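> What follows is a structure written as C-alpha cells; I'll ask about it next.
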Amino acid sequence: MPSLIDLRSDTVTKPTAAMRRAMADAEVGDDVYGEDPTVNHLQERAAEIFEKEAALFVPTGSMGNQTAVKLHTKPGQEVVIEERGHIYNFEMATMSAFSGCLARPVKSQDGSGILTWDEIKGAIHHNSAYYVAPTGLIALENSHNLAGGSVLTRERTEDICLRAHEMNLPVHLDGARIFNAAVALKDSVANLARPADSVMFCLSKGLGAPVGSILLGTKAFIDEARTVRKILGGGMRQAGVLAAAGLIALEESPKALPNDHANAKRLAEGVAELPGVKIDPENVVTNIVIFDVADTGQTADGICAQLRERGVLMSGFGAAIRAVTHYDVTSVNIETALRELRSVLAH
Ligand SMILES: Cc1ncc(COP(=O)(O)O)c(C=O)c1O
C-alpha cells in the first residue's frame with residue numbers, strides 16, 4: 001500500500017535525516033538549571049532572528065501562548081481575540097482555568113480573520129464602569145490557522161500594537177506559523193513580531209521539528225515565563241536533544257516554505273473547480289487550504305472518511321475541510337489528492 005498523503009496538518013512531518021543526526025549528536029545538560037548548551041543556543045538564535053531580548057524553549061505552542069496570557073493578565077480580565085483564534089478555540093479554556101480570564105471573541109467583518117483596530121477597539125473595556133470586566137490583553141494570530149492561513153501585515157500589526165499601547169494594553173502574537181506569514185508577505189519575522197510585547201512561534205509546524213515552540217519577549221518577561229513554564233510542568237531536563245532538531249528547523253526549514261505555499265495554491269485552484277465546493281484560491285497565501293463543501297450533497301466528515309480509504313487524509317471542520325501542506329507533501333501528492341477528491345465528489 002503506498003504511503004498516506006497526510007494533509008491534516010503541518011504538525012505531522014517526520015524529522016529530516018539532518019534533524020535526526022543532530023539529535024543523536026546533541027550536547028546536553030540539565031535545562032532546569034539552565035545548563036543545556038543546545039537549548040541555550042536555540043534560544044539565543046531565536047532571539048537574534050526575531051530581534052527580541054530573550055527567548056524560551058517550551059514543549060508546545062499552547063504552553064507558550066498560555067504562559068504569555070498568564071503574564072500579561074490578572075484574574076477577572078478579558079482577552080480580546082478574533083473569534084476563530086487558536087488561543088480561544090483550541091487551548092482547552094486554559095485562559096480561564098489557569099489565568100482566570102475570559103475571552104472576548106471578535107468577528108472579523110471581512111471574514112479574513114484579520115482584525116482591524118476599529119473591530120478590536122469596539123471590544124475593549126478600558127476605563128469602563130467598575131462592574132465591567134476590564135480588558136487585559138489583545139491576542140493576535142499570524143498566520144491565522146482557522147481563517148485559512150491568512151496573514152497580518154507588518155503595518156496592521158504596528159497599527160494595532162501602537163493603539164493598544166496608547167491604552168496601556170499589551171499585545172501577544174500567536175505566531176505558530178509566522179515564518180509562513182513572513183514568506184507570504186515577503187517580510188521578516190522580526191518585522192512582523194517587533195510591535196508585539198510577546199510572540200510565540202512553533203518549530204513543530206511547517207518548520208518540521210518533532211517537538212517545541214519558542215516564546216519571545218523582553219528579558220524580564222522571559223525570566224518570569226521560565227517560572228510559569230515550570231508551574232505548568234514544562235521544565236525539561238536534557239532537552240537539547242529536542243532543541244538540536246529545533247535549530248535545524250529554525251535555520252533550514254524556512255527556505256522550503258515557498259514550495260509548501262505553491263502546493264497549497266495549486267490544491268486550492270484544483271479544489272475551486274470541483275462542483276459544490278466553495279473557496280477563493282486568491283485567499284490562499286500560505287500553506288492552509290480551507291474549503292466549504294456544504295453544497296456538494298455530502299458532509300465534510302463523510303468526504304474525509306472516503307478520502308482516507310483512498311490514502312488521502314484531510315480534516316473536517318463543520319461544513320468545511322482543511323488541508324495543510326508541508327515538506328512531506330510533494331506536488332505529485334497534490335495532484336493525487338485532487339484526483340481522489342474529484343472522484344469522491346463524483347459519487
Ligand atoms: C495558530 C496556532 N497556535 C498555537 C497552536 C498550538 O500549538 P501546540 O499544538 O504545539 O500546542 C497551534 C497548533 O495547531 C496553532 O495552529
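If you're wondering about the labels, chains in the C-alpha cells are A, B, ... by order shown, residues count from 1 in each chain, ligands from 1 in order shown.
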Run DSSP on the backbone and grab whatever in region 78-314 of chain A lands in helix (DSSP H, G or I); send it over as an MDAnalysis selection string.

chainID A and resid 86:89 94:97 117:121 154:166 178:185 189:193 219:231 240:272 281:283 294:296 300:309

> Write the selection just made, keeping C-alpha atoms, as a compact mmCIF listing (two decimals), in the first residue's frame?


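Heads up, here's the output in part.txt:
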# COMPACT_ATOMS: atom_id res chain seq x y z
CA HIS A 86 -6.44 29.21 18.41
CA ILE A 87 -5.90 30.53 21.94
CA TYR A 88 -9.67 30.77 22.36
CA ASN A 89 -10.85 27.67 20.47
CA THR A 94 -6.77 27.37 29.73
CA MET A 95 -7.04 31.14 29.83
CA SER A 96 -9.93 30.67 32.27
CA ALA A 97 -8.60 27.64 34.17
CA TRP A 117 -8.10 48.32 15.10
CA ASP A 118 -11.71 49.55 14.96
CA GLU A 119 -13.02 46.00 15.36
CA ILE A 120 -10.68 45.44 18.31
CA LYS A 121 -11.48 48.80 19.85
CA ARG A 154 3.58 44.44 9.47
CA GLU A 155 1.62 47.69 9.04
CA ARG A 156 -1.59 46.26 10.53
CA THR A 157 0.35 44.75 13.44
CA GLU A 158 2.10 48.07 14.06
CA ASP A 159 -1.18 49.96 13.96
CA ILE A 160 -2.92 47.61 16.40
CA CYS A 161 0.02 47.50 18.81
CA LEU A 162 0.60 51.26 18.76
CA ARG A 163 -3.02 51.99 19.62
CA ALA A 164 -3.18 49.19 22.21
CA HIS A 165 -0.05 50.55 23.87
CA GLU A 166 -1.60 54.01 23.97
CA ILE A 178 4.83 33.31 11.50
CA PHE A 179 7.52 32.02 9.13
CA ASN A 180 4.76 31.14 6.65
CA ALA A 181 3.36 34.65 7.08
CA ALA A 182 6.80 36.19 6.51
CA VAL A 183 7.26 34.23 3.27
CA ALA A 184 3.79 35.22 2.02
CA LEU A 185 4.36 38.90 2.87
CA VAL A 189 9.68 37.55 11.12
CA ALA A 190 11.44 40.30 13.11
CA ASN A 191 9.37 43.00 11.40
CA LEU A 192 6.13 41.09 11.90
CA ALA A 193 6.95 40.43 15.56
CA LYS A 219 14.44 39.68 29.26
CA ALA A 220 12.27 40.43 32.30
CA PHE A 221 9.25 38.82 30.64
CA ILE A 222 11.18 35.68 29.69
CA ASP A 223 12.65 35.39 33.21
CA GLU A 224 9.10 35.27 34.55
CA ALA A 225 7.98 32.98 31.74
CA ARG A 226 10.58 30.41 32.88
CA THR A 227 8.82 30.26 36.25
CA VAL A 228 5.39 29.89 34.63
CA ARG A 229 6.74 27.15 32.37
CA LYS A 230 7.88 25.28 35.48
CA ILE A 231 4.45 25.74 37.11
CA GLY A 240 18.98 19.69 23.95
CA VAL A 241 18.05 16.51 22.10
CA LEU A 242 14.88 18.32 21.01
CA ALA A 243 16.48 21.75 20.64
CA ALA A 244 19.03 20.27 18.22
CA ALA A 245 16.24 19.40 15.81
CA GLY A 246 14.69 22.79 16.52
CA LEU A 247 17.89 24.56 15.47
CA ILE A 248 17.86 22.81 12.09
CA ALA A 249 14.17 23.66 11.73
CA LEU A 250 14.91 27.31 12.51
CA GLU A 251 17.90 27.68 10.20
CA GLU A 252 16.98 25.41 7.29
CA SER A 253 13.24 24.92 7.04
CA PRO A 254 12.06 28.46 6.19
CA LYS A 255 13.70 28.05 2.76
CA ALA A 256 11.28 25.25 1.89
CA LEU A 257 8.10 27.13 2.79
CA PRO A 258 7.58 28.77 -0.64
CA ASN A 259 7.23 25.27 -2.05
CA ASP A 260 4.54 24.42 0.52
CA HIS A 261 2.72 27.62 -0.42
CA ALA A 262 2.87 26.80 -4.14
CA ASN A 263 1.44 23.35 -3.39
CA ALA A 264 -1.36 24.88 -1.31
CA LYS A 265 -2.19 27.33 -4.10
CA ARG A 266 -2.32 24.53 -6.67
CA LEU A 267 -4.55 22.50 -4.38
CA ALA A 268 -6.87 25.49 -3.87
CA GLU A 269 -7.08 26.12 -7.62
CA GLY A 270 -7.91 22.48 -8.29
CA VAL A 271 -10.44 22.31 -5.47
CA ALA A 272 -12.16 25.50 -6.68
CA PRO A 281 -7.86 30.46 -4.31
CA GLU A 282 -6.82 34.12 -4.23
CA ASN A 283 -7.15 34.00 -0.46
CA ALA A 294 -21.96 22.37 2.16
CA ASP A 295 -23.30 22.34 -1.42
CA THR A 296 -21.71 19.06 -2.50
CA ALA A 300 -17.15 17.13 5.34
CA ASP A 301 -16.59 14.15 7.64
CA GLY A 302 -18.10 11.78 5.06
CA ILE A 303 -15.80 13.12 2.35
CA CYS A 304 -12.77 12.83 4.65
CA ALA A 305 -13.68 9.23 5.52
CA GLN A 306 -13.82 8.29 1.84
CA LEU A 307 -10.57 10.11 1.13
CA ARG A 308 -8.92 8.19 3.96
CA GLU A 309 -9.83 4.90 2.26

> Enumerate residues in contact with ligand 1: an atom-to-atom distance of at most 9 Å, counting only C-alpha atoms and all ligand atoms. Format the result as a PyMOL selection string.

chain A and resi 9-11+58-65+85-87+90-91+141-146+149+174-177+200-205+211-213

> Would you mind exporting the chosen residues as a PDB file, in the first residue's frame, restricted to C-alpha atoms?


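Generated output (out-v2.pdb):
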ATOM      1  CA  SER A   9      -1.851  19.410   9.474  1.00  0.00           C
ATOM      2  CA  ASP A  10       1.743  20.559   9.126  1.00  0.00           C
ATOM      3  CA  THR A  11       2.340  19.008  12.561  1.00  0.00           C
ATOM      4  CA  VAL A  58       8.687  25.449  25.526  1.00  0.00           C
ATOM      5  CA  PRO A  59       7.310  21.995  24.711  1.00  0.00           C
ATOM      6  CA  THR A  60       4.210  23.246  22.883  1.00  0.00           C
ATOM      7  CA  GLY A  61       2.727  26.300  21.269  1.00  0.00           C
ATOM      8  CA  SER A  62      -0.184  26.123  23.678  1.00  0.00           C
ATOM      9  CA  MET A  63       2.179  26.351  26.649  1.00  0.00           C
ATOM     10  CA  GLY A  64       3.924  29.338  25.069  1.00  0.00           C
ATOM     11  CA  ASN A  65       0.638  31.134  24.412  1.00  0.00           C
ATOM     12  CA  GLY A  85      -8.354  32.279  17.227  1.00  0.00           C
ATOM     13  CA  HIS A  86      -6.442  29.212  18.412  1.00  0.00           C
ATOM     14  CA  ILE A  87      -5.902  30.530  21.944  1.00  0.00           C
ATOM     15  CA  PHE A  90      -8.198  25.004  20.821  1.00  0.00           C
ATOM     16  CA  GLU A  91      -6.354  25.535  24.067  1.00  0.00           C
ATOM     17  CA  GLU A 141      -2.581  35.251  15.291  1.00  0.00           C
ATOM     18  CA  ASN A 142      -0.268  35.267  12.242  1.00  0.00           C
ATOM     19  CA  SER A 143      -0.861  33.311  10.093  1.00  0.00           C
ATOM     20  CA  HIS A 144      -4.446  32.674  11.149  1.00  0.00           C
ATOM     21  CA  ASN A 145      -4.996  28.941  11.185  1.00  0.00           C
ATOM     22  CA  LEU A 146      -8.766  28.565  11.119  1.00  0.00           C
ATOM     23  CA  GLY A 149      -3.729  30.792   6.820  1.00  0.00           C
ATOM     24  CA  ASP A 174       0.439  33.741  18.356  1.00  0.00           C
ATOM     25  CA  GLY A 175       2.918  33.275  15.544  1.00  0.00           C
ATOM     26  CA  ALA A 176       2.699  29.492  15.407  1.00  0.00           C
ATOM     27  CA  ARG A 177       3.189  29.887  11.638  1.00  0.00           C
ATOM     28  CA  MET A 200       5.203  32.564  20.260  1.00  0.00           C
ATOM     29  CA  PHE A 201       6.255  30.540  17.225  1.00  0.00           C
ATOM     30  CA  CYS A 202       6.251  26.791  16.643  1.00  0.00           C
ATOM     31  CA  LEU A 203       9.215  24.761  15.486  1.00  0.00           C
ATOM     32  CA  SER A 204       6.945  21.749  15.172  1.00  0.00           C
ATOM     33  CA  LYS A 205       4.568  23.039  12.467  1.00  0.00           C
ATOM     34  CA  VAL A 211       8.681  18.940  19.289  1.00  0.00           C
ATOM     35  CA  GLY A 212       8.921  22.501  20.527  1.00  0.00           C
ATOM     36  CA  SER A 213       7.962  26.136  20.341  1.00  0.00           C
TER      37      SER A 213
END

> Excluding Lys14 (chain A) and any residue of its chain fewer than 4 positions from it, enumerate the residues within 8 Å of it, using only C-alpha atoms, and give them as a list in words.

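Here the qualifying residues turn out to be Gly208, Ala209, Pro210 and Asp328 of chain A.
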
> What would the file look like if the residues just selected were written as a PDB file, in the first residue's frame with C-alpha atoms?


ATOM      1  CA  GLY A 208       9.164  20.351  10.786  1.00  0.00           C
ATOM      2  CA  ALA A 209      10.840  19.827  14.179  1.00  0.00           C
ATOM      3  CA  PRO A 210       9.393  16.908  16.132  1.00  0.00           C
ATOM      4  CA  ASP A 328       6.474  15.727   3.430  1.00  0.00           C
TER       5      ASP A 328
END

> Nearest to Glu27 (chain A) among A:Leu274, A:His172, A:Phe291, A:Gln238, with distances taken over only C-alpha atoms: which residue is it?

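Smallest distance to Glu27 (chain A) is found for A:Gln238.
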
> Taking into account only C-alpha atoms, which residue in the set A:Val32, A:Val277, A:Ile334, A:Ala239 is nearest to Ala319 (chain A)?

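Closest to Ala319 (chain A) of all the choices is A:Val277.
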